[in-house]
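S.K.: Here it is, the structure, as structure tokens.
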Amino acid sequence: MKKQIANWGNYPAIEADEASFVFDDQLNNLIRKGESFIARGNGRCYGDASLSERTISTLKYDKILSFDKENGIFECQSGITLDQVLTVIVPAGWFLPVTPGTKFITIGGGLASDVHGKNHHVDGSISNHVIEMDVVLASDEVITCSPDNCPDLFEATLGGMGLTGVISRVKIRLKKIETSMIRQKQVKAANLQELIGLFEAYKDYTYSVAWIDCLKKGTHFGRSILMLGEHATVDDLAGVQKNDPLKLPKNKQITFPFNLPSWVLNKFSVKAFNFLYYTKNFKKEINNIVSYEPFFYPLDAILHWNRMYGKAGFVQYQFVLPLDAGQGLIEILERIADEGLGSFLAVLKVFGKQESIISFPKEGYTLALDFPVRKGLLTFLDELDRLVLKYHGRLYMSKDARMKPEMLVAGYPELEKFKAIIKKYNPEGKIRSVQSDRLLLTSCS
Amino acid sequence: METVLILGATSDIAIAIVKKFASKKYNIQLAARNPAQLEPIKSDIKIRYGVECDAFAFDALQFSTHALFFETLKPIPNVTITVFGVMDEEDKAFDSWQLTQRMIDTNYTGAVSILNIAAKHYNEQKKGAIIGVSSVAGDRGRASKLIYGSSKAAFNAYLSGLRNKYFKSGIHVMTVKPGFVYTRMTEDLNLPKLLTSTPDEVAEIIYAGFSKKKNIIYVKWFWRYIMLIIKMIPEFQFKKMKL
Ligand SMILES: Cc1cc2nc3c(=O)[nH]c(=O)nc-3n(C[C@H](O)[C@H](O)[C@H](O)COP(=O)(O)OP(=O)(O)OC[C@H]3O[C@@H](n4cnc5c(N)ncnc54)[C@H](O)[C@@H]3O)c2cc1C
């Protein structure tokens, strides 16, 4: 039965058949059925990467296979969400080596996007921490790959947006922690220049990210808050916290009940930011100890916050520019502020070096912001694309719902190699998504 | 710690029930035709909930193996739950005696065979619980669920009888009647959202009913009233209806 599905941005929405599996043989049967398909995790990519007329949902394929608590090695099926993983590993003194800004993604989706976190400049992306994985190909053959075993498949699957096959089993290396708390530092920056200086000054912090107010112009252009963090040690904790240092945070989520007209949104986020900037962060700098939840997943506290953007949905635009392109960052932010189509907040991060075929991160500044879908948006984003290219940047496929194939070609120098690997493992393009067809990665031309 | 045996452990509902009981610190015994398939569930339950979990081969249709299967379980479970069942397309089943018989033998005969054994054992111990996951389809025979519905009706009658027979022995027998449930089996159907439960909801309700020693529970509760209305329609009227 066809039903309407969309990913986190609610744009685009398509009619699709969605089938799930619990056991390996059920996955094989689904693949053998013949028609083309794409794997789908928890639908937290923003655009059309996990959309197709037929999707295979991994959400029921979510079992933990082994957990070596001595050495922090975790093995699971690909459909388990990070949220569930955390509840098992944190009390045992381990943490995810890399986590995106939401815990509601699957491990498989995380690998297929080769996700990055606030620690990219120190720990790289998730691909750095994968020991091995099983990939089920379009032919339904299962291949175990690792940096040494079928390295081409391994590399092209990490960041490959599901196009090489369905990731089934994953084995990753975790990060040791003493406590479930984060020693956090928040520093205010009056403008973009200052912020970039702060990133440099604090580059030894494991975790860092900044929220930028995109509306301020003039001397306060780029007004922002830099958020830094380290896993707290037992010694950092005080009082009762010391007795149960690996305690899991209490779940207190509220659900965003319905789609809001988009004008509410800007008011909402403006208020939220001003609150942080003026009230909470009264001082130039604050230091405190917080649970990992608010530090890593501030938005997860409001389930379905994407409904804030109304029915038409939104597009998230995330690009990376090389470190020497600070000017480009200014030019793009100014262009966004002038046009007034974007959300009020943007998220800025610094990426460390990374060599890969198709993963998004490369050394430089990465900026992400939301654009509610409305008239003129797509033309405007094409214009931003030209600016991104002018400064030798590229876009994140996991957020994308609209870029042109030329943009992908220009941004990813190893694209031909990636395409060749897809051809090898998915020769008939049986595994394909709306995105891969749009970007000419799998369509016949 | 108490132990729960789940017969037919590979279905979505069974997995949800297992998780619920494991989260309440019950040790788990999984049983299904192909126990190798159960390995991932077994490791998952052990790691997530820190309880014991074992997997066993059990075929509802191999009646003669049931006694040995049950008696060699270590430990003998405190709670036995049957979740297995077959629901073939009714038209196909009607045309094939083989399918019809398989449905009846699994849903009714197989369940009776294994539960007789469990019940006798619990009677000797003067304690134990039996939970039979049946269906609202057993409440009234309908053309669209001809064989399946009648096998579940028989199973419902069996469970009531068992409850009656062993009431004095202190054995808790609970009949579970789910309505529509979102599972892998129903993925292709367009189920009415308000009337359909998720496997997790089914498990929640079963656990709550079990804790309160309920006799018959519907999932969700309003199915009791829907079925009541359906049962009240006079037969001369009912026979003309399409349901
Ligand atoms: C609030 C929010 C914050 C975010 N923050 C970050 C961030 O900080 N850093 C970052 O990198 N990303 C971030 N993301 C993006 C998100 O982490 C990725 O899009 C992730 O891939 C989503 O995973 P998913 O399980 O939801 O998969 P989906 O969105 O369903 O799919 C994503 C891609 O993975 C593929 N895929 C899924 N499962 C499999 C599988 N088993 N085998 C093969 N391919 C598969 C799909 O085909 C698709 O191409 C954020 C998203 C949100 C909503």
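Just remember, in the structure tokens the first chain shown is A, the second B, etc., residues are 1-based per chain, and ligands are 1-based in the order shown.
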Residues of region 110-311 of chain A classed as helix (DSSP H, G or I) by DSSP on the backbone are to be reported as a PyMOL selection string.
M.R.: chain A and resi 110-112+120-123+126-129+151-157+192-201+218-220+234-236+239-243+262-280+292-296+298-301+305-309
S.K.: Using only C-alpha atoms and all ligand atoms, which protein or nucleic acid residues are at most 6 Å from ligand 1, as a PyMOL selection string?
M.R.: chain A and resi 8+38-45+49-50+58+78+100-102+105-106+108-110+112-113+115-117+161-162+165-168+398
S.K.: What does the distance from CA of Glu155 (chain A) to CA of Asp24 (chain A) come to in Å, to one decimal?
M.R.: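 Taking CA of Glu155 (chain A) and CA of Asp24 (chain A), their separation equals 23.2 Å.
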S.K.: Once DSSP has gone over the backbone, tell me which residues of region 364-419 of chain A are in strand (DSSP E or B), as a list of chain:residue names.
M.R.: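 Secondary structure check on region 364-419 of chain A, strand (DSSP E or B): A:Gly364, A:Tyr365, A:Thr366, A:Leu367, A:Ala368, A:Leu369, A:Asp370, A:Phe371, A:Pro372, A:Arg394, A:Leu395.
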S.K.: Up to 6 Å from chain B, what residues of chain A turn up? Count only C-alpha atoms and give them as number ranges by chain.
M.R.: A: 1, 63-65
S.K.: Which residues, written as a list in words, have at least one atom at most 8 Å from region 91-95 of chain A, with only C-alpha atoms counted and residues fewer than 6 positions away on the same chain left out?
M.R.: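 Close residues of region 91-95 of chain A: Lys69, Gly72, Leu174, Lys175, Lys176, Ile177, Glu178, Thr179, Ser180, Leu246, Lys247 and Leu248 of chain A.
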S.K.: Just the residues within 7 Å of region 144-154 of chain B, please, counting only C-alpha atoms, with nothing from its chain fewer than 4 positions along; format it as number ranges by chain.
M.R.: B: 87, 90, 100, 103-104, 107-108, 134-135, 137-139, 158, 243
S.K.: Okay, now the selection with N, CA, C and O atoms, as a JSON list (two decimals), in the first residue's frame?
M.R.:
```
[["chain", "number", "residue", "atom", "x", "y", "z"],
["B", 87, "MET", "N", -2.09, -16.97, 9.73],
["B", 87, "MET", "CA", -3.26, -16.34, 9.12],
["B", 87, "MET", "C", -3.02, -16.31, 7.62],
["B", 87, "MET", "O", -2.37, -15.41, 7.11],
["B", 90, "GLU", "N", -7.81, -16.14, 3.31],
["B", 90, "GLU", "CA", -8.93, -17.06, 3.51],
["B", 90, "GLU", "C", -9.36, -17.78, 2.24],
["B", 90, "GLU", "O", -9.68, -18.96, 2.28],
["B", 100, "THR", "N", -5.96, -25.08, 5.16],
["B", 100, "THR", "CA", -6.99, -25.02, 6.20],
["B", 100, "THR", "C", -6.54, -25.80, 7.44],
["B", 100, "THR", "O", -6.58, -25.30, 8.56],
["B", 103, "MET", "N", -3.73, -24.17, 9.38],
["B", 103, "MET", "CA", -4.18, -23.04, 10.19],
["B", 103, "MET", "C", -4.83, -23.54, 11.48],
["B", 103, "MET", "O", -4.54, -23.06, 12.57],
["B", 104, "ILE", "N", -5.71, -24.53, 11.33],
["B", 104, "ILE", "CA", -6.40, -25.06, 12.52],
["B", 104, "ILE", "C", -5.40, -25.74, 13.46],
["B", 104, "ILE", "O", -5.41, -25.54, 14.67],
["B", 107, "ASN", "N", -3.14, -22.89, 15.09],
["B", 107, "ASN", "CA", -3.82, -21.93, 15.97],
["B", 107, "ASN", "C", -4.57, -22.61, 17.11],
["B", 107, "ASN", "O", -4.68, -22.06, 18.19],
["B", 108, "TYR", "N", -5.09, -23.81, 16.84],
["B", 108, "TYR", "CA", -5.88, -24.48, 17.88],
["B", 108, "TYR", "C", -5.17, -25.73, 18.43],
["B", 108, "TYR", "O", -4.73, -25.74, 19.58],
["B", 134, "SER", "N", -4.77, -14.56, 21.35],
["B", 134, "SER", "CA", -5.75, -15.03, 20.38],
["B", 134, "SER", "C", -6.13, -13.87, 19.47],
["B", 134, "SER", "O", -5.23, -13.14, 19.03],
["B", 135, "SER", "N", -7.41, -13.67, 19.23],
["B", 135, "SER", "CA", -7.79, -12.57, 18.34],
["B", 135, "SER", "C", -9.27, -12.24, 18.52],
["B", 135, "SER", "O", -10.07, -13.10, 18.89],
["B", 137, "ALA", "N", -11.06, -11.92, 16.17],
["B", 137, "ALA", "CA", -11.71, -12.64, 15.08],
["B", 137, "ALA", "C", -12.42, -13.89, 15.57],
["B", 137, "ALA", "O", -13.28, -14.44, 14.89],
["B", 138, "GLY", "N", -12.06, -14.37, 16.78],
["B", 138, "GLY", "CA", -12.71, -15.55, 17.32],
["B", 138, "GLY", "C", -14.06, -15.24, 17.95],
["B", 138, "GLY", "O", -14.79, -16.16, 18.35],
["B", 139, "ASP", "N", -14.42, -13.98, 18.06],
["B", 139, "ASP", "CA", -15.66, -13.65, 18.76],
["B", 139, "ASP", "C", -16.92, -13.92, 17.95],
["B", 139, "ASP", "O", -17.99, -14.15, 18.50],
["B", 158, "TYR", "N", -11.20, -22.88, 24.56],
["B", 158, "TYR", "CA", -10.25, -23.70, 25.31],
["B", 158, "TYR", "C", -9.69, -22.92, 26.51],
["B", 158, "TYR", "O", -9.63, -23.43, 27.64],
["B", 243, "LEU", "N", -18.68, -8.47, 6.30],
["B", 243, "LEU", "CA", -17.82, -7.98, 7.39],
["B", 243, "LEU", "C", -16.43, -8.59, 7.32],
["B", 243, "LEU", "O", -16.29, -9.78, 7.15]]
```
S.K.: With only C-alpha atoms as the counted atoms, please give the residues lying no more than 8 Å from region 69-85 of chain B, apart from itself and same-chain residues fewer than 2 positions off, as an MDAnalysis selection string.
M.R.: chainID B and resid 2:9 11 13:14 29 58 60 65:67 87 103 106:107 111 114 117:118 127:134
S.K.: Kindly give the distance, in Å, that separates CA of Ile226 (chain B) and CA of Glu89 (chain B), rounded to a single decimal.
M.R.: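 These atoms are spaced 23.4 Å apart.
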S.K.: Could you give me, as a list in words, the residues within 9 Å of Gly411 (chain A), counting only C-alpha atoms and dropping anything in the same chain fewer than 5 positions from it?
M.R.: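 Non-adjacent residues within range: Leu389, His392, Gly393, Arg394, Leu395 and Glu406 of chain A.
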S.K.: Any chance you can output those residues with C-alpha atoms as a PDB file, in the first residue's frame?
M.R.:
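Saved as result.pdb:
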```
ATOM      1  CA  LEU A 389      31.531  27.016  -5.488  1.00  0.00           C
ATOM      2  CA  HIS A 392      35.644  25.936  -3.336  1.00  0.00           C
ATOM      3  CA  GLY A 393      33.062  24.577  -0.970  1.00  0.00           C
ATOM      4  CA  ARG A 394      30.492  21.840  -1.219  1.00  0.00           C
ATOM      5  CA  LEU A 395      27.081  20.759   0.109  1.00  0.00           C
ATOM      6  CA  GLU A 406      26.739  19.969 -11.519  1.00  0.00           C
TER       7      GLU A 406
END
```
S.K.: Skipping near chain neighbours, those fewer than 5 positions away, what residues fall within 9 Å of Asp213 (chain A) using only C-alpha atoms, listed as number ranges by chain?
M.R.: A: 221-225, 270, 273, 344-346
S.K.: Between A:Leu341, A:Gly159, A:Lys349, A:Gly364, which residue has the minimum interatomic distance to Thr379 (chain A), considering only C-alpha atoms?
M.R.: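 Nearest candidate to Thr379 (chain A) out of A:Leu341, A:Gly159, A:Lys349, A:Gly364: A:Leu341.
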